[in-house]
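Novice: Next up is a structure, given as structure tokens.
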Amino acid sequence: MSDVVLELKDVTRTFQVSQGLFRPKATLTAVAGVSLQVRRGEVYALVGESGSGKSTLAKMLLGLLPPSSGDIRINGTPIGETNRIAVARRIQPIFQDPYSSLNPRKSIADLIALPLVVHRIGDAAQRRAKVLELMDIVGLPRRLMEAGPSQLSGGQRQRVAIARALIMRPEVVICDEPTSALDVSVQAQILNLLLELKKELGLTYFFISHNLAVVEHLADRVAVMYLGRFVEERTREGLFADPRHPYSRALLDSVLTPDPDLGVPDTHLGAVFPNPLTQSAGCAFEPRCPAARDVCRRYAPHSVALPDGYASCHLAAPASLPTAA
Amino acid sequence: MTMPLTSTDTSQSPLDLPPARRAPLLSFLSKGFGHGGFLLGATLLALIVVLALAAPLVAPHDPYAQNLARRMVPPVWDAKGNWAHILGTDKLGRDYLSRLLYGAQISLLIGTVTVLISGTIGTVLGVCAGYFGGRVDAVLSYIVTTRLALPVVLVALASAALVGSSLQGVIIVLGLLLWDRFAVVTRSATQQVMGSDFIAAASAIGCSTPRIILSEVLPNILNPLIVVATLEMAHAILLEAALSFLGLGVQPPLPSWGLMIAEGKQYMFFSPWVIAIPASALVLLVLAINLVGDGLRDITAPENRN
Amino acid sequence: MALLEVKDLVIDIPVGVGTLHAVSGVSFSLERGETLAIVGESGSGKSLTSLAIMDLLPKRVQRRAARLAFDGIDLSTISAAGMRRLRGNRMAMIFQEPMTSLNPSYTIGDQLTEALTCHRKVSASAARDRAVHLLEKVGITAAARRLSQYPHQLSGGLRQRVMIAMALMCGPELIIADEPTTALDVTIQAQILHLIADLQKEFGMAVILITHDLGVVARVADKVGVMYAGSLVETAPARTLFRHPAHPYTRGLLDCIPVPGRTVPGAPLGAIRGQVPNLIGRLEGCAFRNRCDLAGPDCATPIPLVQPEPDHAVRCLRAMIPEAAA
């Protein structure tokens with residue numbers, strides 16, 4: 001398909017983890033066999049809890065970390081260490097913590113202009129004009145040009161990060177929890193800005209978040225990640241109306257809407273966490289799953305195709321026995 | 001309420017201004033003035049530097065001019081002292097105040113150049129270890145550990161004896177020896193900076209490794225670097241004095257403070273001031289530098305985010 | 001008599017260029033068994049308020065109050081030793097960061113039993129029994145074995161459970177939980193909130209919940225105080241607050257958050273323009289007026305407290321009163 005901008009094929013990333021002085025190193029599989037396609041102009045959201053491998057995946061998409069195996073392509077061009085400059089023009093990040101993502105020693109103008117300088121685009125006057133244009137677009141007062149990040153509020157800092165990410169007009173923006181470090185009122189400002197920018201500039205977002213309310217507001221398609229694997233990938237409407245994986249269901253149940261008539265939901269999840277270093281033969285979610293059966297302990301589930309995506313669960317299919325792939 | 005795409009909050013009610021944060025220099029100065037130790041050290045150090053630089057103008061006599069007729073004149077506060085030689089003269093009749101002032105030049109020169117050399121070596125090693133990590137870090141850390149295992153004074157003595165003693169010799173030997181603390185501090189500071197998202201952002205923009213090191217890492221490890229530099233400067237000045245005292249450093253007739261102490265030691269019991277004066281100068285200079293270094297560490301310590 | 005009474009609490013922080021009025025004139029009271037949620041954004045003074053009650057403010061921070069009393073004991077005149085006898089014993093605190101709030105060099109068991117053996121004449125084995133009992137209560141399996149483990153051996157969710165068990169060791173009458181679930185994953189958050197609610201019912205404790213998450217507030221609080229720039233701008237029973245928010249800031253906050261099923265995906269969210277004011281120096285009038293669509297020149301004068309209902313108070317000249325809104 002020609003409108004696929006970002007494609008992952010069976011991407012796996014493992015880390016060698018030291019277990020102590022005299023014990024052999026263990027292999028931690030942070031991302032296990034992930035395949036996905038992001039289409040031009042859509043918001044593809046990735047949901048998962050800490051340790052699910054979201055951040056590792058984001059680093060691989062930005063070319064900051066090579067995959068152990070598998071293939072990442074942007075517009076058909078593989079992402080690798082060799083063509084980092086070319087990749088940088090097409091894919092840019094917005095990080096979670098705007099206090100950490102801006103070099104405290106630089107002025108706002110220098111921060112925003114850095115991509116132009118690195119890619120040798122324009123002269124000083126042209127860069128300045130471009131920086132002012134971007135500051136207007138993201139709603140930063142021009143008087144802040146020569147200010148340092150320490151003089152800005154969290155929301156303003158995140159606007160600087162957005163301006164820096166957009167100045168090269170990338171095709172894909174990786175938003176790694178762009179609002180979770182911000183206050184509620186500022187979060188809304190930034191989400192509105194991201195939506196407006198997408199409309200105006202025809203951007204594609206790869207949006208990583210643990211906040212399902214935000215994801216439902218923003219996303220076109222959603223993937224749910226658990227311990228390095230995609231357990232479900234659906235359209236937004238499909239997932240929020242009828243989650244098929246028990247973990248997706250638990251995540252949705254855990255969303256606390258501000259409704260004083262409702263109590264705290266019970267997710268029925270176990271508090272037992274599988275050790276990510278030991279691979280079990282069965283489903284990775286089985287130890288916490290409220291619906292686990294015998295088959296879940298013995299066989300890893302295959303993807304079950306659904307009209308709008310897939311879910312990797314023995315119980316997602318009409319027939320609850322493992323089918324030969 | 002929708003937000004226009006090009007919103008600029010130009011309304012300037014007092015409530016709209018961002019929280020008052022002062023310009024970095026201003027805040028630095030105001031904190032510096034609030035820090036007693038820093039203020040004292042900086043004043044003392046500035047005084048010594050000015051006197052050293054102005055030595056040709058201030059010194060009452062030529063520091064090398066001998067006058068055997070006026071040997072061992074005591075300082076002016078002694079009953080036998082006189083105003084022609086405020087701090088007296090040494091065994092060759094050279095004016096002690098003039099020698100002291102020119103000696104300050106030598107001490108400061110040695111301190112500065114040594115720190116430039118050792119700082120460069122240590123910073124390159126430390127930043128590389130912190131930036132690249134892994135095997136590079138392991139190898140560089142091994143080198144630093146090896147260096148830490150060497151006794152500085154003994155090695156300095158041996159090398160000075162080997163290279164031959166001269167001003168340049170002392171500077172080179174000390175410069176090649178005192179980089180360990182620079183390496184250790186810049187390594188950990190670099191590791192800390194490497195954890196920040198702005199390094200990842202710079203990589204994602206496509207910045208080259210030298211650019212990331214020079215414009216993203218270095219400016220953010222400058223504070224600890226300056227602190228170590230001041231402390232190492234004091235260290236170098238003391239070591240020079242020790243080497244010169246032992247006859248392996250600066251050679252006569254240069255007026256090094258260490259040398260002055262060495263030359264005065266045979267007169268110690270009858271004219272204690274020949275030792276007391278250069279020794280006090282040394283103590284004051286090292287104290288001043290250390291106070292400045294400690295003060296800098298306190299002043300540049302990150303503020304609590306509150 | 002209310003378990004906790006706070007009247008006109010003022011917290012000032014001397015800073016280089018003046019005084020930062022972090023909290024100005026906060027008043028509320030709390031009955032036994034009740035849950036009060038204090039909502040606010042960063043810098044609103046909500047955490048400082050909780051630290052002020054526990055007398056855990058840093059030294060240079062100044063605390064004043066017309067009345068600050070726990071179970072009739074005046075906390076503004078109590079001795080340091082008297083305060084220590086209350087703290088951890090009759091009033092306890094759960095912090096946001098379970099990583100940093102547990103001492104990494106002591107076992108879970110040591111840290112759990114410390115408060116009990118230090119406040120009560122209890123034998124080590126009795127304290128141990130209670131620790132095991134409470135760890136089981138907070139849903140930790142193999143509790144006896146956990147006692148000899150160190151914090152780093154536990155996951156974030158388990159550590160937060162240990163923190164809660166630790167706060168419960170002496171059977172406190174008041175628990176202050178400062179963002180107890182913010183650092184946790186969403187599925188764990190639900191479990192922890194459940195746990196706090198269950199334990200409160202069982203032991204009849206009063207809980208002050210400090211949070212920025214309106215979803216959490218709606219689900220667990222009996223009454224809610226909304227803080228903005230150091231003042232309580234609105235206090236109300238949870239139901240009233242979410243059904244008929246009166247203060248423009250409260251209404252702005254509620255419009256800001258996407259709510260599945262209520263907000264239209266992709267449509268702009270309500271946003272509060274501008275940013276929080278600088279609290280250094282004296283601020284006259286309503287602190288929210290620069291971000292408020294209803295503000296007029298009269299908002300720069302001192303704002304009286306309006307009480308549409310006996311238990312609903314709002315500090316605004318143009319408060320949306322339910323009768324008027326209907």
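Chain labels follow the order of the structure tokens: the first chain is A, the next B, and so on; residue numbering restarts at 1 in every chain, and ligands are counted from 1 in their shown order.
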Name all residues at most 7 Å from Ser166 (chain B) (count only C-alpha atoms; drop same-chain ones fewer than 4 positions away) and give them as an NGL selection string.

Specialist: :B and (170 or 249-251)

Novice: Output N, CA and C atoms of each residue in that selection to a file, as a PDB file, in the first residue's frame.

Specialist:
```
ATOM      1  N   VAL B 170      58.213  21.370  35.493  1.00  0.00           N
ATOM      2  CA  VAL B 170      57.215  21.214  36.563  1.00  0.00           C
ATOM      3  C   VAL B 170      55.804  21.257  35.984  1.00  0.00           C
ATOM      4  N   GLY B 249      61.991  21.417  41.570  1.00  0.00           N
ATOM      5  CA  GLY B 249      61.025  22.191  40.817  1.00  0.00           C
ATOM      6  C   GLY B 249      61.702  23.363  40.150  1.00  0.00           C
ATOM      7  N   VAL B 250      61.119  24.500  40.411  1.00  0.00           N
ATOM      8  CA  VAL B 250      61.647  25.733  39.844  1.00  0.00           C
ATOM      9  C   VAL B 250      63.045  25.982  40.397  1.00  0.00           C
ATOM     10  N   GLN B 251      63.968  26.399  39.526  1.00  0.00           N
ATOM     11  CA  GLN B 251      65.361  26.568  39.950  1.00  0.00           C
ATOM     12  C   GLN B 251      65.682  28.020  40.273  1.00  0.00           C
TER      13      GLN B 251
END
```

Novice: Apply DSSP to the backbone of this structure and, from region 8-231 of chain C, keep only the residues in helix (DSSP H, G or I); write these as a ChimeraX atom specification.

Specialist: /C:46-53,80-86,98-101,108-119,124-137,143-146,151-153,156-168,186-203,214-220

Novice: Listing only residues of chain C within 7 Å of chain B, what is the closest atom pair and its distance in Å (to one decimal) for each, using only C-alpha atoms, sorted by chain and residue number ascending, as a Markdown table?

Specialist:
```
| residue | atom | partner | partner_atom | distance |
| --- | --- | --- | --- | --- |
| C:Pro268 | CA | B:Thr2 | CA | 6.3 |
| C:Gly270 | CA | B:Met1 | CA | 5.8 |
| C:Ala271 | CA | B:Met1 | CA | 6.9 |
| C:Gly274 | CA | B:Asp16 | CA | 6.9 |
| C:Gln275 | CA | B:Asp16 | CA | 6.9 |
| C:Pro277 | CA | B:Leu15 | CA | 5.0 |
| C:Asn278 | CA | B:Pro19 | CA | 4.8 |
| C:Asn290 | CA | B:Leu15 | CA | 6.2 |
```

Novice: Please find the residues of chain A near chain B - the criterion being any atom within 8 Å, counting only C-alpha atoms - and write them as a PyMOL selection string.

Specialist: chain A and resi 62-64+84-85+88-89+92-93+95+97+100-105+114-115+118-119+136-142+150-153+189+192-193+196

Novice: Keeping only N, CA and C atoms, take the residues you just selected and write them out as a tab-separated table (two decimals), in the first residue's frame.

Specialist:
```
chain	number	residue	atom	x	y	z
A	62	LEU	N	13.02	6.09	16.24
A	62	LEU	CA	13.80	7.30	16.03
A	62	LEU	C	15.22	6.99	15.57
A	63	GLY	N	15.55	5.70	15.43
A	63	GLY	CA	16.88	5.33	15.01
A	63	GLY	C	17.91	5.48	16.11
A	64	LEU	N	17.46	5.61	17.37
A	64	LEU	CA	18.40	5.78	18.48
A	64	LEU	C	18.88	4.43	18.99
A	84	ARG	N	21.06	8.23	9.47
A	84	ARG	CA	20.36	8.91	10.55
A	84	ARG	C	19.88	10.29	10.12
A	85	ILE	N	20.71	10.99	9.33
A	85	ILE	CA	20.36	12.34	8.88
A	85	ILE	C	19.09	12.30	8.02
A	88	ALA	N	16.14	11.59	10.19
A	88	ALA	CA	15.79	12.70	11.06
A	88	ALA	C	14.86	13.70	10.37
A	89	ARG	N	14.95	13.81	9.04
A	89	ARG	CA	14.07	14.75	8.35
A	89	ARG	C	12.64	14.24	8.32
A	92	GLN	N	10.34	12.75	13.79
A	92	GLN	CA	10.82	13.58	14.88
A	92	GLN	C	10.05	13.28	16.18
A	93	PRO	N	10.72	13.41	17.30
A	93	PRO	CA	10.06	13.07	18.55
A	93	PRO	C	9.55	14.28	19.33
A	95	PHE	N	9.05	14.51	23.45
A	95	PHE	CA	9.24	13.66	24.62
A	95	PHE	C	8.26	14.02	25.74
A	97	ASP	N	8.93	14.62	29.13
A	97	ASP	CA	9.28	15.58	30.17
A	97	ASP	C	9.94	16.80	29.54
A	100	SER	N	13.33	17.88	30.76
A	100	SER	CA	14.54	17.14	30.42
A	100	SER	C	14.85	17.21	28.93
A	101	SER	N	13.86	17.57	28.10
A	101	SER	CA	14.08	17.46	26.66
A	101	SER	C	14.64	18.74	26.04
A	102	LEU	N	14.78	19.79	26.84
A	102	LEU	CA	15.36	21.03	26.31
A	102	LEU	C	16.68	21.31	27.02
A	103	ASN	N	17.73	21.53	26.24
A	103	ASN	CA	19.03	21.86	26.82
A	103	ASN	C	18.94	23.17	27.59
A	104	PRO	N	19.15	23.12	28.91
A	104	PRO	CA	18.93	24.32	29.73
A	104	PRO	C	19.88	25.46	29.40
A	105	ARG	N	20.93	25.19	28.65
A	105	ARG	CA	21.93	26.22	28.37
A	105	ARG	C	21.67	26.99	27.09
A	114	LEU	N	17.81	24.47	15.93
A	114	LEU	CA	18.87	23.46	15.86
A	114	LEU	C	18.74	22.52	14.65
A	115	PRO	N	17.54	21.97	14.38
A	115	PRO	CA	17.45	21.07	13.21
A	115	PRO	C	17.88	21.75	11.91
A	118	VAL	N	21.70	21.93	11.91
A	118	VAL	CA	22.32	20.62	11.69
A	118	VAL	C	22.19	20.19	10.23
A	119	HIS	N	21.04	20.48	9.63
A	119	HIS	CA	20.82	20.05	8.25
A	119	HIS	C	21.23	21.12	7.25
A	136	ASP	N	4.89	31.24	16.28
A	136	ASP	CA	3.51	31.67	16.09
A	136	ASP	C	2.58	30.46	15.99
A	137	ILE	N	3.02	29.47	15.22
A	137	ILE	CA	2.17	28.31	15.00
A	137	ILE	C	1.87	27.57	16.30
A	138	VAL	N	2.88	27.40	17.14
A	138	VAL	CA	2.65	26.65	18.37
A	138	VAL	C	2.18	27.55	19.51
A	139	GLY	N	2.00	28.83	19.24
A	139	GLY	CA	1.45	29.72	20.25
A	139	GLY	C	2.44	30.14	21.32
A	140	LEU	N	3.67	30.39	20.91
A	140	LEU	CA	4.66	30.92	21.87
A	140	LEU	C	4.82	32.41	21.60
A	141	PRO	N	4.71	33.24	22.62
A	141	PRO	CA	4.92	34.67	22.41
A	141	PRO	C	6.33	34.94	21.89
A	142	ARG	N	6.43	35.84	20.90
A	142	ARG	CA	7.72	36.09	20.28
A	142	ARG	C	8.75	36.65	21.25
A	150	SER	N	14.55	27.76	31.44
A	150	SER	CA	14.21	27.87	32.86
A	150	SER	C	13.21	28.99	33.10
A	151	GLN	N	13.05	29.90	32.14
A	151	GLN	CA	12.10	31.00	32.33
A	151	GLN	C	10.71	30.65	31.82
A	152	LEU	N	10.53	29.42	31.33
A	152	LEU	CA	9.26	29.02	30.74
A	152	LEU	C	8.50	28.06	31.64
A	153	SER	N	7.17	28.08	31.50
A	153	SER	CA	6.35	27.11	32.22
A	153	SER	C	6.40	25.77	31.48
A	189	GLN	N	-4.53	22.20	26.53
A	189	GLN	CA	-3.97	23.14	25.54
A	189	GLN	C	-3.07	22.40	24.55
A	192	ASN	N	-5.06	20.03	22.21
A	192	ASN	CA	-5.72	20.81	21.17
A	192	ASN	C	-4.74	21.24	20.10
A	193	LEU	N	-3.55	21.69	20.56
A	193	LEU	CA	-2.54	22.14	19.62
A	193	LEU	C	-2.11	21.00	18.70
A	196	GLU	N	-4.81	20.38	16.13
A	196	GLU	CA	-4.88	21.45	15.13
A	196	GLU	C	-3.72	21.33	14.15
```

Novice: Running DSSP on the backbone, which parts of region 27-260 of chain A land in strand (DSSP E or B), as a ChimeraX atom specification?

Specialist: /A:27-39,43-47,69-74,77-78,91-94,172-176,204-209,221-226,229-235

Novice: Dump C-alpha atoms for the selected residues as a PDB file, in the first residue's frame?

Specialist:
```pdb
ATOM      1  CA  THR A  27      18.176 -12.022  27.979  1.00  0.00           C
ATOM      2  CA  LEU A  28      15.395  -9.504  28.410  1.00  0.00           C
ATOM      3  CA  THR A  29      13.081  -9.292  25.442  1.00  0.00           C
ATOM      4  CA  ALA A  30      11.805  -5.719  25.553  1.00  0.00           C
ATOM      5  CA  VAL A  31      10.038  -5.846  22.200  1.00  0.00           C
ATOM      6  CA  ALA A  32       9.017  -9.223  20.782  1.00  0.00           C
ATOM      7  CA  GLY A  33       8.060  -9.648  17.146  1.00  0.00           C
ATOM      8  CA  VAL A  34       6.106  -6.438  16.642  1.00  0.00           C
ATOM      9  CA  SER A  35       4.636  -5.738  13.218  1.00  0.00           C
ATOM     10  CA  LEU A  36       2.573  -2.687  12.389  1.00  0.00           C
ATOM     11  CA  GLN A  37       1.723  -0.235   9.639  1.00  0.00           C
ATOM     12  CA  VAL A  38       1.016   3.426  10.180  1.00  0.00           C
ATOM     13  CA  ARG A  39      -0.868   5.155   7.371  1.00  0.00           C
ATOM     14  CA  VAL A  43      -2.956   8.919  14.691  1.00  0.00           C
ATOM     15  CA  TYR A  44      -1.649   5.519  15.657  1.00  0.00           C
ATOM     16  CA  ALA A  45      -1.712   5.140  19.411  1.00  0.00           C
ATOM     17  CA  LEU A  46       0.317   2.698  21.446  1.00  0.00           C
ATOM     18  CA  VAL A  47      -0.993   1.914  24.911  1.00  0.00           C
ATOM     19  CA  SER A  69      16.034  -8.357  14.398  1.00  0.00           C
ATOM     20  CA  GLY A  70      13.289  -7.267  12.077  1.00  0.00           C
ATOM     21  CA  ASP A  71      12.790  -4.347   9.772  1.00  0.00           C
ATOM     22  CA  ILE A  72      11.665  -0.759  10.319  1.00  0.00           C
ATOM     23  CA  ARG A  73      10.883   1.287   7.212  1.00  0.00           C
ATOM     24  CA  ILE A  74       9.754   4.822   6.754  1.00  0.00           C
ATOM     25  CA  THR A  77      13.438   3.340   3.408  1.00  0.00           C
ATOM     26  CA  PRO A  78      14.904   1.268   6.225  1.00  0.00           C
ATOM     27  CA  ILE A  91      10.556  11.367  11.810  1.00  0.00           C
ATOM     28  CA  GLN A  92      10.820  13.584  14.882  1.00  0.00           C
ATOM     29  CA  PRO A  93      10.059  13.066  18.554  1.00  0.00           C
ATOM     30  CA  ILE A  94       8.173  14.959  21.235  1.00  0.00           C
ATOM     31  CA  VAL A 172       5.801  11.222  11.305  1.00  0.00           C
ATOM     32  CA  VAL A 173       5.924  12.670  14.810  1.00  0.00           C
ATOM     33  CA  ILE A 174       6.589  10.253  17.645  1.00  0.00           C
ATOM     34  CA  CYS A 175       4.705  11.645  20.644  1.00  0.00           C
ATOM     35  CA  ASP A 176       6.007   9.833  23.732  1.00  0.00           C
ATOM     36  CA  THR A 204       1.035  11.526  11.104  1.00  0.00           C
ATOM     37  CA  TYR A 205       1.343  10.816  14.822  1.00  0.00           C
ATOM     38  CA  PHE A 206       2.687   7.754  16.529  1.00  0.00           C
ATOM     39  CA  PHE A 207       1.215   8.510  19.923  1.00  0.00           C
ATOM     40  CA  ILE A 208       2.465   6.640  22.978  1.00  0.00           C
ATOM     41  CA  SER A 209       0.431   6.951  26.154  1.00  0.00           C
ATOM     42  CA  ARG A 221      -6.094   3.177  15.585  1.00  0.00           C
ATOM     43  CA  VAL A 222      -4.832   1.762  18.856  1.00  0.00           C
ATOM     44  CA  ALA A 223      -2.363  -0.983  19.677  1.00  0.00           C
ATOM     45  CA  VAL A 224      -2.202  -2.425  23.182  1.00  0.00           C
ATOM     46  CA  MET A 225       1.191  -3.655  24.309  1.00  0.00           C
ATOM     47  CA  TYR A 226       1.916  -6.019  27.160  1.00  0.00           C
ATOM     48  CA  ARG A 229       4.045  -7.957  22.585  1.00  0.00           C
ATOM     49  CA  PHE A 230       1.099  -6.396  20.806  1.00  0.00           C
ATOM     50  CA  VAL A 231      -1.887  -8.111  22.362  1.00  0.00           C
ATOM     51  CA  GLU A 232      -4.526  -6.220  20.405  1.00  0.00           C
ATOM     52  CA  GLU A 233      -4.630  -3.766  17.519  1.00  0.00           C
ATOM     53  CA  ARG A 234      -7.962  -2.210  16.605  1.00  0.00           C
ATOM     54  CA  THR A 235      -9.633   0.905  15.361  1.00  0.00           C
TER      55      THR A 235
END
```

Novice: Could you please tell me, as a list in words, which residues of chain A have an atom within 7 Å of chain C when using only C-alpha atoms?

Specialist: Glu49, Ser50, Asp183, Val184, Ser185, Ala188, Gln189, Asn192, Leu195, Ala213, Val214, Glu216, His217, Leu218, Ala250, Leu251, Ser254, Leu256, Thr257, Pro258, Asp259, Pro260, Leu262, Gly263, Val264, Pro265 and Asp266 of chain A

Novice: List as a list in words the protein and nucleic acid residues near Ala295 (chain C), meaning an atom at most 10 Å away when only C-alpha atoms are counted, but skip any in the same chain fewer than 6 places from it.

Specialist: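 Listing them by chain and then by number gives Pro248, Cys286, Phe288, Arg289, Cys316, Leu317 and Arg318 of chain C.
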
Novice: Within 12 Å of region 305-316 of chain A, counting only C-alpha atoms, which residues qualify if same-chain residues fewer than 2 places away don't, as a PyMOL selection string?

Specialist: chain A and resi 35-37+220-226+229-239+241-249+282-286+289-303+318-325
